[in-house]
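Before any comments, here is the structure.
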Amino acid sequence: MSDSWAEKLSCAIQCQRCSQKLAPNDPRILSVIDHEAICMDCKRAEEKRDDYEEISKQAIGQCMIDTEMQWGDPQGYCYHHFYPFTC
């Protein structure tokens, strides 16, 4: 996983799913489906999917393989699929 992911995604100016504008202090989170920065409304919709639990477990496993970091590390790529962040 490239070290530039944090800079690229943390300052996303719009939700990649619904195109809602994101101000620097608006929370955003990475989708477990396509790993793009999305708004919290889109994350809540994603969590309602029937396959969300299965997809999120797969995302955690693949993240840990790709980054060699635990999913709960606040500095890690995997962490930001489950905890919101701002620019």
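For the structure tokens, the naming scheme is as follows: chains receive sequential letters (A, B, ...) according to their order of presentation, residues are indexed from 1 within each chain, and ligands are indexed from 1 in presentation order.
All residues of chain A that DSSP, run on the backbone, classes as strand (DSSP E) are Arg28, Ile29, Leu30, Ala37, Ile38 and Cys39 of chain A.
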Pick the closest to A:Gln62 from A:Arg17, A:His35, A:Lys48, A:Arg28: which is it, counting only C-alpha atoms?
A:His35
Among the residues of chain A, find those DSSP assigns to helix (DSSP H, G or I) from the backbone and print them as a PyMOL selection string.
chain A and resi 5-10+40-47+52-67+79-81
Can you write just those residues out, N, CA and C atoms, as a compact mmCIF listing (two decimals), in the first residue's frame?
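Saved the output as part-v4.txt:
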```
# COMPACT_ATOMS: atom_id res chain seq x y z
N TRP A 5 -1.51 7.27 0.62
CA TRP A 5 -2.96 7.10 0.75
C TRP A 5 -3.57 8.12 1.69
N ALA A 6 -2.91 8.41 2.80
CA ALA A 6 -3.48 9.31 3.80
C ALA A 6 -3.68 10.71 3.24
N GLU A 7 -2.67 11.22 2.58
CA GLU A 7 -2.77 12.56 1.99
C GLU A 7 -3.83 12.61 0.90
N LYS A 8 -3.83 11.62 0.05
CA LYS A 8 -4.77 11.57 -1.06
C LYS A 8 -6.23 11.48 -0.59
N LEU A 9 -6.50 10.63 0.38
CA LEU A 9 -7.87 10.40 0.80
C LEU A 9 -8.35 11.28 1.94
N SER A 10 -7.46 11.68 2.84
CA SER A 10 -7.92 12.44 3.99
C SER A 10 -8.40 13.83 3.62
N MET A 40 -20.42 10.34 5.77
CA MET A 40 -20.97 9.46 6.80
C MET A 40 -22.37 8.95 6.44
N ASP A 41 -23.14 9.72 5.67
CA ASP A 41 -24.45 9.23 5.22
C ASP A 41 -24.28 8.01 4.33
N CYS A 42 -23.31 8.08 3.43
CA CYS A 42 -23.07 6.93 2.55
C CYS A 42 -22.51 5.74 3.33
N LYS A 43 -21.73 6.00 4.36
CA LYS A 43 -21.22 4.90 5.19
C LYS A 43 -22.36 4.21 5.92
N ARG A 44 -23.31 4.99 6.45
CA ARG A 44 -24.46 4.39 7.13
C ARG A 44 -25.26 3.52 6.16
N ALA A 45 -25.41 3.99 4.93
CA ALA A 45 -26.13 3.19 3.92
C ALA A 45 -25.35 1.92 3.60
N GLU A 46 -24.03 2.04 3.49
CA GLU A 46 -23.18 0.88 3.22
C GLU A 46 -23.34 -0.16 4.33
N GLU A 47 -23.40 0.28 5.58
CA GLU A 47 -23.51 -0.64 6.71
C GLU A 47 -24.84 -1.39 6.74
N TYR A 52 -22.59 -6.54 4.21
CA TYR A 52 -21.61 -5.64 4.81
C TYR A 52 -20.65 -6.36 5.76
N GLU A 53 -21.17 -7.21 6.63
CA GLU A 53 -20.31 -7.88 7.60
C GLU A 53 -19.25 -8.74 6.90
N GLU A 54 -19.68 -9.48 5.89
CA GLU A 54 -18.74 -10.32 5.15
C GLU A 54 -17.69 -9.48 4.42
N ILE A 55 -18.15 -8.41 3.76
CA ILE A 55 -17.23 -7.54 3.01
C ILE A 55 -16.25 -6.86 3.96
N SER A 56 -16.73 -6.40 5.11
CA SER A 56 -15.84 -5.71 6.05
C SER A 56 -14.78 -6.66 6.61
N LYS A 57 -15.14 -7.91 6.87
CA LYS A 57 -14.15 -8.88 7.34
C LYS A 57 -13.09 -9.14 6.28
N GLN A 58 -13.52 -9.23 5.03
CA GLN A 58 -12.57 -9.42 3.93
C GLN A 58 -11.66 -8.21 3.79
N ALA A 59 -12.23 -7.01 3.96
CA ALA A 59 -11.44 -5.78 3.86
C ALA A 59 -10.37 -5.73 4.95
N ILE A 60 -10.74 -6.11 6.17
CA ILE A 60 -9.77 -6.13 7.27
C ILE A 60 -8.63 -7.10 6.96
N GLY A 61 -8.99 -8.30 6.54
CA GLY A 61 -7.97 -9.30 6.23
C GLY A 61 -7.03 -8.85 5.14
N GLN A 62 -7.58 -8.30 4.06
CA GLN A 62 -6.74 -7.85 2.95
C GLN A 62 -5.88 -6.65 3.36
N CYS A 63 -6.45 -5.73 4.14
CA CYS A 63 -5.68 -4.58 4.62
C CYS A 63 -4.47 -5.03 5.43
N MET A 64 -4.70 -5.97 6.32
CA MET A 64 -3.61 -6.44 7.16
C MET A 64 -2.52 -7.11 6.33
N ILE A 65 -2.90 -7.79 5.28
CA ILE A 65 -1.92 -8.40 4.38
C ILE A 65 -1.17 -7.32 3.61
N ASP A 66 -1.90 -6.36 3.05
CA ASP A 66 -1.30 -5.32 2.22
C ASP A 66 -0.40 -4.37 3.01
N THR A 67 -0.82 -4.00 4.21
CA THR A 67 -0.10 -2.98 4.96
C THR A 67 0.80 -3.54 6.06
N TYR A 79 -7.63 1.11 9.53
CA TYR A 79 -8.36 1.79 10.61
C TYR A 79 -9.41 2.75 10.04
N HIS A 80 -9.07 3.45 9.00
CA HIS A 80 -9.95 4.49 8.46
C HIS A 80 -11.11 3.96 7.63
N HIS A 81 -11.24 2.65 7.54
CA HIS A 81 -12.44 2.04 6.96
C HIS A 81 -13.54 1.94 8.02
```
